[in-house]
Structure formats: structure tokens, C-alpha cells
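Engineer: Pasting work_38.txt below, which is compact mmCIF, C-alpha atoms.
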```
# COMPACT_ATOMS: atom_id res chain seq x y z
CA MET M 66 -19.14 -82.53 20.41
CA ASN M 67 -17.16 -81.17 23.30
CA MET M 68 -15.20 -78.03 22.62
CA ASP M 69 -14.14 -75.23 24.88
CA ARG M 70 -14.60 -71.62 24.00
CA ARG M 71 -10.93 -71.09 23.22
CA SER M 72 -10.51 -73.86 20.67
CA PHE M 73 -13.82 -72.93 19.04
CA LEU M 74 -12.55 -69.39 18.48
CA LYS M 75 -9.24 -70.71 17.12
CA LEU M 76 -11.04 -72.93 14.64
CA ALA M 77 -13.37 -70.11 13.60
CA VAL M 78 -10.44 -67.77 12.88
CA LEU M 79 -8.63 -70.46 10.90
CA GLY M 80 -11.80 -71.11 8.91
CA LEU M 81 -12.20 -67.44 8.09
CA LEU M 82 -8.57 -67.20 7.00
CA ALA M 83 -9.04 -70.20 4.72
CA LEU M 84 -12.04 -68.51 3.11
CA THR M 85 -10.12 -65.33 2.33
CA ALA M 86 -6.99 -67.05 1.01
CA ARG M 87 -8.27 -67.60 -2.52
CA PRO M 88 -9.52 -64.02 -3.22
CA ALA M 89 -6.32 -62.64 -1.70
CA LEU M 90 -4.18 -64.82 -3.98
CA ASP M 91 -6.25 -63.77 -7.01
CA LEU M 92 -5.70 -60.12 -6.14
CA ILE M 93 -1.94 -60.55 -6.00
CA SER M 94 -1.59 -62.75 -9.07
CA LYS M 95 -3.72 -60.75 -11.54
CA PRO M 96 -2.10 -57.97 -13.60
CA SER M 97 -3.60 -54.61 -12.73
CA ALA M 98 -5.89 -52.84 -15.20
CA ALA M 99 -3.46 -49.94 -15.51
CA ARG M 100 -0.71 -52.19 -16.80
CA ALA M 101 -2.93 -53.38 -19.61
CA LEU M 102 -2.84 -49.87 -21.11
CA ASP M 103 0.82 -50.16 -22.02
CA GLY M 104 1.13 -51.38 -25.57
CA PRO M 105 3.83 -53.18 -27.52
CA PHE M 106 4.51 -50.19 -29.78
CA SER M 107 7.89 -48.96 -30.83
CA GLY M 108 8.73 -45.30 -30.43
CA LYS M 109 7.51 -44.05 -33.78
CA ARG M 110 5.86 -40.76 -34.70
CA LEU M 111 3.31 -41.20 -37.45
CA ALA M 112 2.42 -38.11 -39.44
CA MET M 113 0.83 -37.02 -42.69
CA ALA M 114 1.76 -34.47 -45.34
CA ILE M 115 -0.83 -32.97 -47.68
CA ASP M 116 0.58 -31.29 -50.76
CA LEU M 117 -1.86 -28.48 -51.55
CA ASN M 118 -0.30 -27.97 -54.97
CA ALA M 119 -0.96 -31.55 -55.99
CA CYS M 120 -4.33 -32.00 -54.29
CA THR M 121 -7.29 -31.65 -56.66
CA ALA M 122 -9.98 -31.29 -54.01
CA GLY M 123 -10.96 -27.94 -55.53
CA GLU M 124 -11.70 -29.61 -58.84
CA GLY M 125 -14.27 -31.92 -57.32
CA CYS M 126 -12.07 -34.90 -56.49
CA ILE M 127 -13.30 -36.73 -53.40
CA ASP M 128 -11.52 -40.06 -53.89
CA CYS M 129 -9.83 -39.98 -50.51
CA ILE M 130 -12.97 -38.95 -48.65
CA ALA M 131 -15.05 -41.63 -50.37
CA ALA M 132 -12.44 -44.29 -49.64
CA CYS M 133 -12.16 -43.30 -45.98
CA HIS M 134 -15.86 -43.05 -45.36
CA SER M 135 -16.79 -46.31 -47.05
CA MET M 136 -13.94 -48.15 -45.34
CA HIS M 137 -14.94 -46.96 -41.89
CA ASN M 138 -18.72 -47.06 -42.24
CA VAL M 139 -19.09 -43.30 -41.86
CA PRO M 140 -22.80 -42.49 -42.29
CA ASP M 141 -24.21 -39.79 -44.54
CA ILE M 142 -26.96 -38.38 -42.32
CA GLY M 143 -27.82 -35.63 -44.77
CA ASN M 144 -27.92 -32.61 -42.47
CA THR M 145 -24.96 -30.57 -41.32
CA LYS M 146 -26.00 -30.50 -37.67
CA GLU M 147 -25.65 -34.24 -37.29
CA GLU M 148 -22.90 -34.69 -39.87
CA ILE M 149 -20.24 -37.33 -39.15
CA LYS M 150 -16.84 -36.40 -40.56
CA TRP M 151 -13.51 -38.20 -40.60
CA LEU M 152 -11.96 -36.52 -43.61
CA TRP M 153 -13.54 -33.54 -45.32
CA GLU M 154 -12.69 -30.33 -47.16
CA VAL M 155 -12.97 -26.66 -46.28
CA ASN M 156 -11.88 -23.37 -47.87
CA TYR M 157 -8.31 -22.21 -47.41
CA GLY M 158 -9.42 -19.41 -45.12
CA GLN M 159 -11.33 -21.78 -42.87
CA ALA M 160 -8.46 -24.22 -42.58
CA PHE M 161 -5.85 -21.55 -41.87
CA ASP M 162 -7.87 -18.86 -40.14
CA ASP M 163 -4.86 -17.96 -38.00
CA GLN M 164 -2.77 -16.88 -40.99
CA GLU M 165 -2.39 -13.13 -40.93
CA ASN M 166 -0.37 -12.80 -44.11
CA ARG M 167 -2.21 -10.40 -46.36
CA PHE M 168 -1.05 -12.03 -49.56
CA VAL M 169 -0.85 -15.77 -49.94
CA LYS M 170 0.35 -17.42 -53.13
CA GLU M 171 -2.68 -16.80 -55.27
CA PRO M 172 -3.88 -20.19 -56.38
CA LEU M 173 -3.65 -21.38 -52.79
CA GLN M 174 -6.25 -18.95 -51.55
CA ASP M 175 -8.91 -20.49 -53.75
CA ARG M 176 -7.97 -24.04 -52.88
CA ARG M 177 -10.16 -26.44 -51.03
CA VAL M 178 -8.17 -27.93 -48.19
CA LEU M 179 -8.52 -31.47 -46.84
CA VAL M 180 -8.88 -31.54 -43.10
CA LEU M 181 -8.92 -34.40 -40.62
CA CYS M 182 -7.88 -35.23 -37.08
CA ASN M 183 -4.39 -33.81 -36.62
CA HIS M 184 -3.27 -36.54 -34.22
CA CYS M 185 -1.66 -33.84 -32.11
CA ASP M 186 1.43 -34.43 -30.05
CA ASN M 187 -0.31 -32.57 -27.28
CA PRO M 188 -3.94 -33.53 -27.80
CA PRO M 189 -6.44 -31.47 -25.77
CA CYS M 190 -9.15 -34.07 -26.38
CA VAL M 191 -7.13 -36.66 -24.50
CA ARG M 192 -6.59 -34.35 -21.57
CA VAL M 193 -10.29 -33.76 -21.01
CA CYS M 194 -11.66 -37.26 -21.61
CA PRO M 195 -13.00 -38.44 -18.24
CA THR M 196 -12.96 -42.15 -19.12
CA GLN M 197 -9.70 -42.44 -21.08
CA ALA M 198 -11.80 -43.48 -24.05
CA THR M 199 -9.43 -41.42 -26.16
CA TRP M 200 -5.68 -41.58 -25.67
CA LYS M 201 -2.43 -41.10 -27.54
CA ARG M 202 -0.61 -44.22 -28.59
CA GLU M 203 3.14 -44.38 -28.47
CA ASP M 204 3.32 -44.10 -32.25
CA GLY M 205 1.38 -40.82 -32.03
CA ILE M 206 -2.05 -41.95 -33.17
CA VAL M 207 -4.81 -40.39 -31.10
CA MET M 208 -7.08 -43.38 -30.65
CA MET M 209 -10.72 -43.76 -29.74
CA ASP M 210 -12.08 -46.69 -27.76
CA TYR M 211 -15.75 -46.65 -28.68
CA HIS M 212 -16.43 -49.26 -26.01
CA ARG M 213 -15.44 -46.82 -23.34
CA CYS M 214 -16.89 -43.58 -24.72
CA ILE M 215 -19.79 -42.30 -22.62
CA GLY M 216 -20.73 -39.56 -25.07
CA CYS M 217 -20.02 -36.60 -22.78
CA ARG M 218 -18.52 -34.65 -25.75
CA TYR M 219 -15.84 -32.92 -23.67
CA CYS M 220 -13.37 -33.95 -26.38
CA MET M 221 -15.46 -32.22 -29.02
CA ALA M 222 -15.42 -29.02 -26.99
CA ALA M 223 -11.67 -29.33 -26.48
CA CYS M 224 -10.66 -30.07 -30.07
CA PRO M 225 -9.80 -26.79 -31.82
CA TYR M 226 -10.15 -28.38 -35.26
CA GLY M 227 -13.70 -29.73 -35.05
CA SER M 228 -12.32 -33.12 -35.92
CA ARG M 229 -14.75 -35.06 -33.80
CA SER M 230 -18.35 -35.95 -34.55
CA PHE M 231 -21.09 -37.17 -32.27
CA ASN M 232 -23.59 -39.85 -33.15
CA TRP M 233 -26.92 -38.28 -32.31
CA ARG M 234 -28.73 -41.32 -33.69
CA ASP M 235 -28.06 -44.88 -34.79
CA PRO M 236 -25.83 -44.40 -37.85
CA ARG M 237 -26.55 -47.77 -39.47
CA PRO M 238 -29.56 -46.76 -41.60
CA TYR M 239 -27.45 -43.95 -43.10
CA ILE M 240 -24.53 -46.10 -44.25
CA ARG M 241 -24.85 -46.96 -47.92
CA THR M 242 -22.87 -50.23 -47.89
CA ILE M 243 -21.62 -51.56 -44.59
CA ASN M 244 -18.04 -52.81 -44.60
CA GLU M 245 -18.41 -55.79 -42.31
CA GLY M 246 -14.71 -55.76 -41.51
CA TYR M 247 -14.95 -52.54 -39.52
CA PRO M 248 -17.49 -51.94 -36.76
CA THR M 249 -20.08 -49.21 -37.14
CA ARG M 250 -20.66 -46.89 -34.24
CA THR M 251 -23.75 -46.60 -32.12
CA ARG M 252 -25.89 -43.78 -30.82
CA GLY M 253 -24.13 -41.71 -28.17
CA VAL M 254 -20.45 -42.12 -29.03
CA VAL M 255 -17.93 -39.72 -30.52
CA GLU M 256 -15.86 -40.71 -33.53
CA LYS M 257 -13.02 -39.38 -35.66
CA CYS M 258 -10.20 -40.31 -38.00
CA ASN M 259 -7.91 -43.02 -36.62
CA PHE M 260 -5.10 -42.73 -39.22
CA CYS M 261 -6.38 -46.15 -40.37
CA GLU M 262 -4.69 -47.92 -37.48
CA GLU M 263 -6.43 -51.16 -38.45
CA ARG M 264 -4.83 -50.97 -41.91
CA LEU M 265 -1.44 -50.00 -40.52
CA ALA M 266 -1.55 -53.15 -38.40
CA ASP M 267 -1.82 -55.14 -41.65
CA GLY M 268 1.06 -53.23 -43.20
CA LEU M 269 -1.17 -51.11 -45.45
CA GLN M 270 -1.14 -47.35 -45.99
CA PRO M 271 -4.16 -45.33 -44.82
CA ALA M 272 -7.15 -45.60 -47.17
CA CYS M 273 -7.02 -41.92 -48.17
CA VAL M 274 -3.33 -42.11 -49.11
CA GLU M 275 -3.93 -45.23 -51.15
CA ALA M 276 -6.96 -43.72 -52.91
CA CYS M 277 -5.23 -40.46 -53.88
CA ARG M 278 -4.51 -40.40 -57.63
CA THR M 279 -2.20 -37.38 -57.58
CA GLY M 280 0.05 -38.49 -54.76
CA ALA M 281 -0.86 -35.42 -52.74
CA LEU M 282 -1.12 -37.39 -49.51
CA LYS M 283 1.98 -38.82 -47.90
CA PHE M 284 2.00 -40.82 -44.70
CA GLY M 285 4.72 -42.34 -42.63
CA ASP M 286 7.10 -42.20 -39.75
CA LEU M 287 8.41 -38.70 -39.10
CA LYS M 288 12.01 -39.28 -38.18
CA PRO M 289 15.22 -38.14 -39.87
CA GLY M 290 16.06 -40.23 -42.91
CA THR M 291 12.49 -41.05 -43.95
CA GLU M 292 10.90 -39.82 -47.17
CA LEU M 293 8.24 -37.97 -45.21
CA TYR M 294 10.83 -36.21 -43.06
CA ASP M 295 12.80 -35.06 -46.11
CA LEU M 296 9.64 -33.76 -47.73
CA ILE M 297 8.45 -31.81 -44.71
CA SER M 298 11.84 -30.46 -43.75
CA SER M 299 12.66 -29.24 -47.25
CA GLN M 300 9.37 -27.62 -48.29
CA PHE M 301 7.53 -24.69 -46.79
CA ASN M 302 4.56 -26.02 -44.88
CA LEU M 303 1.86 -24.94 -42.47
CA ARG M 304 0.12 -26.66 -39.64
CA ARG M 305 -3.35 -25.68 -38.52
CA LYS M 306 -3.58 -23.38 -35.50
CA GLY M 307 0.01 -23.96 -34.50
CA GLU M 308 -0.15 -21.15 -31.96
CA LEU M 309 -2.36 -23.24 -29.70
CA GLY M 310 0.54 -25.53 -28.87
CA THR M 311 -1.26 -28.73 -29.82
CA GLN M 312 1.60 -29.75 -32.16
CA PRO M 313 -0.61 -31.09 -34.96
CA GLN M 314 0.96 -33.85 -37.06
CA VAL M 315 -0.73 -33.10 -40.36
CA TYR M 316 1.57 -30.89 -42.43
CA TYR M 317 0.28 -28.85 -45.38
CA LEU M 318 2.94 -28.40 -48.05
CA MET M 319 2.51 -25.07 -49.81
CA MET D 289 -57.53 -71.50 16.49
CA TYR D 290 -60.42 -69.60 14.99
CA ASP D 291 -61.26 -70.02 11.29
CA LYS D 292 -58.87 -72.97 10.96
CA GLY D 293 -60.44 -74.12 7.73
CA LYS D 294 -60.26 -70.71 6.07
CA ILE D 295 -56.63 -70.13 7.06
CA ILE D 296 -55.39 -73.53 5.97
CA GLY D 297 -57.45 -73.34 2.79
CA GLY D 298 -56.13 -69.86 2.07
CA LEU D 299 -52.56 -71.00 2.68
CA ALA D 300 -53.03 -73.93 0.33
CA VAL D 301 -54.39 -71.66 -2.41
CA PHE D 302 -51.50 -69.23 -1.85
CA LEU D 303 -48.89 -72.01 -2.07
CA CYS D 304 -50.46 -73.31 -5.25
CA LEU D 305 -50.37 -69.89 -6.88
CA ALA D 306 -46.86 -69.03 -5.64
CA SER D 307 -45.43 -72.27 -6.95
CA PHE D 308 -47.37 -72.00 -10.22
CA PRO D 309 -44.28 -71.25 -12.38
CA VAL D 310 -42.50 -74.32 -11.01
CA TRP D 311 -45.19 -76.90 -11.45
CA TYR D 312 -46.53 -75.41 -14.65
CA THR D 313 -43.11 -75.69 -16.36
CA ALA D 314 -42.67 -79.17 -14.94
CA ALA D 315 -46.11 -80.25 -16.14
CA SER D 316 -45.77 -78.73 -19.60
CA GLY D 317 -42.45 -80.50 -20.17
CA LYS D 318 -40.48 -77.29 -20.53
CA ALA D 319 -38.44 -77.93 -17.41
CA ASP D 320 -35.80 -79.92 -19.24
CA TYR D 321 -35.61 -77.43 -22.12
CA SER D 322 -32.08 -76.62 -23.18
CA PRO D 323 -31.16 -73.98 -25.75
CA ASN D 324 -28.99 -76.33 -27.89
CA PRO D 325 -26.97 -73.82 -29.89
CA VAL D 326 -26.13 -75.09 -33.38
CA LEU D 327 -22.41 -75.80 -33.67
CA PRO D 328 -20.53 -75.38 -36.95
CA ALA D 329 -20.57 -78.56 -39.02
CA SER D 330 -17.16 -78.00 -40.57
CA GLU D 331 -15.12 -77.26 -37.45
CA ASN D 332 -14.79 -79.05 -34.16
CA GLN D 333 -12.24 -76.86 -32.39
CA CYS D 334 -12.85 -73.26 -31.30
CA VAL D 335 -10.04 -70.93 -30.23
CA GLU D 336 -10.13 -72.66 -26.84
CA SER D 337 -11.79 -75.85 -25.59
CA ALA D 338 -15.56 -76.03 -25.78
CA GLN D 339 -15.90 -76.12 -21.99
CA TYR D 340 -13.74 -73.01 -21.62
CA MET D 341 -15.69 -71.18 -24.32
CA LYS D 342 -18.98 -72.10 -22.64
CA GLU D 343 -17.88 -70.73 -19.32
CA TYR D 344 -15.56 -67.88 -20.21
CA HIS D 345 -16.29 -66.60 -23.74
CA MET D 346 -17.49 -63.29 -22.31
CA GLN D 347 -14.20 -62.75 -20.47
CA LEU D 348 -12.26 -63.86 -23.54
CA VAL D 349 -14.11 -61.39 -25.75
CA GLN D 350 -13.35 -58.58 -23.29
CA GLN D 351 -9.70 -59.61 -23.18
CA TRP D 352 -9.68 -59.52 -26.99
CA ARG D 353 -11.24 -56.06 -26.93
CA ASP D 354 -8.62 -54.64 -24.57
CA GLN D 355 -5.74 -56.34 -26.33
CA ALA D 356 -6.75 -55.19 -29.82
CA VAL D 357 -8.02 -51.70 -29.04
CA ARG D 358 -5.94 -50.57 -26.08
CA GLN D 359 -2.71 -52.41 -26.81
CA GLY D 360 -2.94 -52.50 -30.61
CA ASP D 361 -2.09 -56.21 -30.66
CA SER D 362 -4.65 -58.11 -32.70
CA THR D 363 -3.21 -61.60 -32.55
CA TYR D 364 -4.49 -64.01 -29.93
CA ILE D 365 -2.27 -66.89 -28.94
CA SER D 366 -4.46 -69.68 -27.60
CA SER D 367 -3.50 -72.11 -24.86
CA ASP D 368 -2.36 -74.66 -27.45
CA ASN D 369 -0.14 -72.04 -29.12
CA SER D 370 -2.17 -71.46 -32.27
CA SER D 371 -2.70 -67.85 -33.24
CA PHE D 372 -5.95 -66.18 -34.24
CA ASP D 373 -6.81 -62.78 -35.61
CA ILE D 374 -8.74 -60.86 -32.96
CA ASN D 375 -11.86 -59.96 -34.88
CA LEU D 376 -15.40 -60.61 -33.70
CA THR D 377 -16.92 -60.41 -37.18
CA GLY D 378 -13.98 -61.81 -39.13
CA THR D 379 -12.90 -64.67 -36.87
CA CYS D 380 -15.93 -65.78 -34.82
CA PHE D 381 -18.38 -65.55 -37.70
CA LYS D 382 -16.11 -67.45 -40.04
CA CYS D 383 -17.31 -70.64 -38.33
CA HIS D 384 -20.37 -69.55 -36.39
CA THR D 385 -22.17 -68.33 -39.48
CA ASN D 386 -25.59 -68.05 -37.92
CA LYS D 387 -25.99 -65.71 -34.97
CA ALA D 388 -29.65 -66.59 -34.43
CA ASP D 389 -28.90 -70.31 -34.14
CA PHE D 390 -25.77 -69.94 -32.06
CA CYS D 391 -25.34 -66.77 -29.97
CA ASP D 392 -28.99 -65.88 -29.60
CA ARG D 393 -30.17 -69.29 -28.42
CA CYS D 394 -28.31 -69.16 -25.10
CA HIS D 395 -28.49 -65.40 -24.72
CA ASN D 396 -32.26 -65.50 -25.05
CA TYR D 397 -32.51 -68.49 -22.72
CA THR D 398 -30.49 -66.75 -20.01
CA GLY D 399 -32.08 -63.36 -20.64
CA THR D 400 -28.81 -61.61 -21.48
CA ALA D 401 -28.63 -58.88 -24.08
CA PRO D 402 -24.97 -58.19 -24.95
CA ASN D 403 -24.56 -54.92 -26.86
CA CYS D 404 -21.71 -56.16 -29.08
CA TRP D 405 -23.92 -56.08 -32.15
CA ASP D 406 -24.80 -52.40 -31.79
CA CYS D 407 -21.49 -51.74 -33.53
CA HIS D 408 -19.94 -55.04 -34.61
CA ASN D 409 -21.44 -56.30 -37.83
CA VAL D 410 -23.24 -59.60 -38.18
CA PRO D 411 -22.96 -61.15 -41.64
CA PRO D 412 -26.25 -62.49 -43.06
CA ALA D 413 -27.03 -66.01 -41.78
CA GLY D 414 -24.91 -68.60 -43.51
CA ALA D 415 -22.70 -66.06 -45.27
CA GLN D 416 -19.00 -65.49 -44.75
CA PRO D 417 -17.99 -62.05 -43.40
CA GLN D 418 -17.20 -59.59 -46.19
CA VAL D 419 -14.10 -57.69 -45.13
CA MET D 420 -13.05 -54.68 -47.19
CA LYS D 421 -9.33 -53.99 -46.94
```
Turn this file's structure into C-alpha cells for me.
Structural biologist:
Amino acid sequence: MNMDRRSFLKLAVLGLLALTARPALDLISKPSAARALDGPFSGKRLAMAIDLNACTAGEGCIDCIAACHSMHNVPDIGNTKEEIKWLWEVNYGQAFDDQENRFVKEPLQDRRVLVLCNHCDNPPCVRVCPTQATWKREDGIVMMDYHRCIGCRYCMAACPYGSRSFNWRDPRPYIRTINEGYPTRTRGVVEKCNFCEERLADGLQPACVEACRTGALKFGDLKPGTELYDLISSQFNLRRKGELGTQPQVYYLM
Amino acid sequence: MYDKGKIIGGLAVFLCLASFPVWYTAASGKADYSPNPVLPASENQCVESAQYMKEYHMQLVQQWRDQAVRQGDSTYISSDNSSFDINLTGTCFKCHTNKADFCDRCHNYTGTAPNCWDCHNVPPAGAQPQVMK
């Protein structure tokens, strides 16, 4: 074939351009990964109220904890160092260690208090997560993406409530009955309460709220006009460690 | 060339050994082995066409993951406009009731070890997924 230098170069450049056309088109036409993070949520603010006067945790009731932990395949490892907790109870003084009032309504002081992830408006765990494995949804739920968690435990150091647990070992052997509808976790990821977002998606209340026999747990959208809003705005209530500015969304009615 | 016989002989032995995996599989009849995953008897349509699922199920599963977890939207609208609940255990295993005869066959053949099952539950072979609500 006869071809001068000039036309050979022209053809070569055209050929190269043709090769790059497809990848370039793909780059332009695909939605970016960042856009995929935006969800179709409406601007709600989900919150929970726990009525300490109605809650019978001090009398040995663990209905809510049992419901939560069996629903979400939370293992019972059997030692406190490796304990996995979504919803658990502590003494009044441990839950509200920032309260400096010398006298608290007496029966309250002896109460056991249910504690869980506070789904803060200003969550420190989200700020420190290097992989965005934990983030705040538009409806206020502080979510975990176990797929993305690398187990660095920054979030555990950042959370002032100790609401996060780390899987030091494969949790499966320590789960009594596995609920196949919800994934277990694996070694090396952090987990915590998710306000039962998978149940909310099906129009159900969180498992703990549903399991509570005394109606001490209330859950819903915290905006004027809702039952939850009326309850919280009309009764004296405390939030845990409010002075830290995390704006926790679990309200304890006193 | 010195030592012609030794060199050529050595090369022949080397070629025989190097190509051992090829001719051994051909001779033993394993060359045309195919994993043949067992398809569900009751269903003949997956969420997308069989060809698409063969080629792109890994991308589809990742898209499901991002859509359900990151965007909170757990309904998948397929290309023929039917909707499916995004749920690896609840939806996939409703039809593909035997992981060992379906997923594992090709995964073992191609030497891939997806870590989905570290967390997502696999119902016992032949059983329907038990979902607690």
C-alpha cells in the first residue's frame, strides 16, 4: 500500500480518536457517584420519646430490648468487652451524668433508663467517618452502611453516648435464632440502632415501640401538630448530654 | 550448534511440561466442562432477561445495594416495568432456593468468592426465606 507520511499520521490520529470516543461518552452519560447519595426522602425529623414514669425497665421488663435484638440479629457474645448493643438499660445516674441537680424526683433516681443511638441532629460519628459509611438521612436517621464500614472505629470514639459496638469476631455463632429477613454483621464492622428504618419503609413502627406493653416508647415525626410534638413540648423532658451540642433526638419524659 | 540433541530434547520436554494443564484437561474430557447452575423449576423469568443476569448480576446487585441502603428506596423497577422488592435473601432466594446448586456452581468455576454471604442470610437449601417483620 502506498501512503505518504502525512496521510498515515492523519489516519492514525483519527483511529485514536475513534478508540477514545466510547469511554468519553460513557463518562459523560453516567450519573456521578455523588449524586447517588441523594435520596427520595421528604423533609421529616424522626424522633423518639421515652416516658420514664411509664417504663418498667427497673422491674425487669426487657420486651423492647428482646424485640430489637432478635429482629436485628444482635449477638449475645457473653462478655462485656465484646458486647454488641443496640438498645440497653443503664442507671439514671449513668444516663444523665451531666445533671447537676442535687435532688431529682425520687423514684426517678432509682430508675433504669433505656438508652440507644440518639440519632443526633449534629452527629459527631458522621463527621469523623472517613468512608461515609455512616451518614444522616434527610429524615434524621443516622444510618450505617455496613458494606462501606472499614472498622476504623473513629465513630465509636466520637460518639459521646457509647451507642456503637464493634464486631471483634464473627457474630453468627452468638445469635440464638437468625432472622433471615435482616442481614447479620461480619467481623470488623461497627453497628448500632437504626431506628428500624427497614420497618419504617414498610409502614411499621420500630420494633421496640411495638413491643412495649406500657406505651412508654413513642416514635414519630417531630413537627408541630403531631402527637409526639405535643407530648414533648408539653412535658418536662431531658436529653442526654445536651451541653455537647449534638442535638440528640431521643427525649426522656420525666 | 553444539549439543543439538540435548537442547532440542530439553526444549521438547519443557514444552510438554509447560503445556501439561492444557493437554491434560483436553485428554481427561474436562475441557468442555460447564458449571450448569440449576435454574428454578417454577419460574422462567428473573428480574431481568437471563442473558442480562448472566452478564450483569454483580452490577445489578451493587445497584440494589446503593439504592436500598444509601437512597432508602427498596423497590426495583425492571426494564419491563415490573417492580421487585430489593432484598437479596427475600427476593433472590424465593426462586433460587439452593445456593450450592445455583450461585456456587459458577462462582466456584470462575474462582470468585463474593462476600455477600458474610452478612446476608442464606435460607437452608430448598426452603423459603423466613422473614420476621
Engineer: Select, as a PyMOL selection string, those residues of chain D with any atom no more than 12 Å from chain M (distances computed using all atoms listed in the file).
Structural biologist: chain D and resi 350-363+373-379+381-382+403-412+415-421
Engineer: Rounded to one decimal in Å, what is the spacing between CA of Asp162 in chain M and CA of Gly205 in chain M?
Structural biologist: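 Computing it gives 25.2 Å between the two atoms.
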Engineer: Skipping near chain neighbours, those fewer than 2 positions away, what residues fall within 12 Å of Ala222 in chain M using all atoms listed in the file, listed as a list in words?
Structural biologist: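 Within the cut-off, the hits are Pro189, Cys190, Val191, Arg192, Val193, Cys194, Gly216, Cys217, Arg218, Tyr219, Cys220, Cys224, Pro225, Tyr226, Gly227, Ser228, Arg229, Ser230, Phe231 and Val255 of chain M.
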Engineer: Would you export the selected residues with C-alpha atoms as a PDB file, in the frame of the given file, please?
Structural biologist:
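File part.pdb, as written:
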```pdb
ATOM      1  CA  PRO M 189      -6.440 -31.470 -25.770  1.00  0.00           C
ATOM      2  CA  CYS M 190      -9.150 -34.070 -26.380  1.00  0.00           C
ATOM      3  CA  VAL M 191      -7.130 -36.660 -24.500  1.00  0.00           C
ATOM      4  CA  ARG M 192      -6.590 -34.350 -21.570  1.00  0.00           C
ATOM      5  CA  VAL M 193     -10.290 -33.760 -21.010  1.00  0.00           C
ATOM      6  CA  CYS M 194     -11.660 -37.260 -21.610  1.00  0.00           C
ATOM      7  CA  GLY M 216     -20.730 -39.560 -25.070  1.00  0.00           C
ATOM      8  CA  CYS M 217     -20.020 -36.600 -22.780  1.00  0.00           C
ATOM      9  CA  ARG M 218     -18.520 -34.650 -25.750  1.00  0.00           C
ATOM     10  CA  TYR M 219     -15.840 -32.920 -23.670  1.00  0.00           C
ATOM     11  CA  CYS M 220     -13.370 -33.950 -26.380  1.00  0.00           C
ATOM     12  CA  CYS M 224     -10.660 -30.070 -30.070  1.00  0.00           C
ATOM     13  CA  PRO M 225      -9.800 -26.790 -31.820  1.00  0.00           C
ATOM     14  CA  TYR M 226     -10.150 -28.380 -35.260  1.00  0.00           C
ATOM     15  CA  GLY M 227     -13.700 -29.730 -35.050  1.00  0.00           C
ATOM     16  CA  SER M 228     -12.320 -33.120 -35.920  1.00  0.00           C
ATOM     17  CA  ARG M 229     -14.750 -35.060 -33.800  1.00  0.00           C
ATOM     18  CA  SER M 230     -18.350 -35.950 -34.550  1.00  0.00           C
ATOM     19  CA  PHE M 231     -21.090 -37.170 -32.270  1.00  0.00           C
ATOM     20  CA  VAL M 255     -17.930 -39.720 -30.520  1.00  0.00           C
TER      21      VAL M 255
END
```
Engineer: Give me, as a compact mmCIF listing (two decimals) with C-alpha atoms, in the frame of the given file, all polymer residues having an atom no more than 8 Å from Leu179 in chain M, counting only C-alpha atoms and skipping those fewer than 6 positions away in the same chain.
Structural biologist:
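part-v2.txt written:
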```
# COMPACT_ATOMS: atom_id res chain seq x y z
CA ILE M 115 -0.83 -32.97 -47.68
CA ALA M 122 -9.98 -31.29 -54.01
CA LEU M 152 -11.96 -36.52 -43.61
CA TRP M 153 -13.54 -33.54 -45.32
CA GLU M 154 -12.69 -30.33 -47.16
CA VAL M 155 -12.97 -26.66 -46.28
```
Engineer: CA of Met319 in chain M to CA of Ala281 in chain M: how many Å, to one decimal?
Structural biologist: 11.3 Å
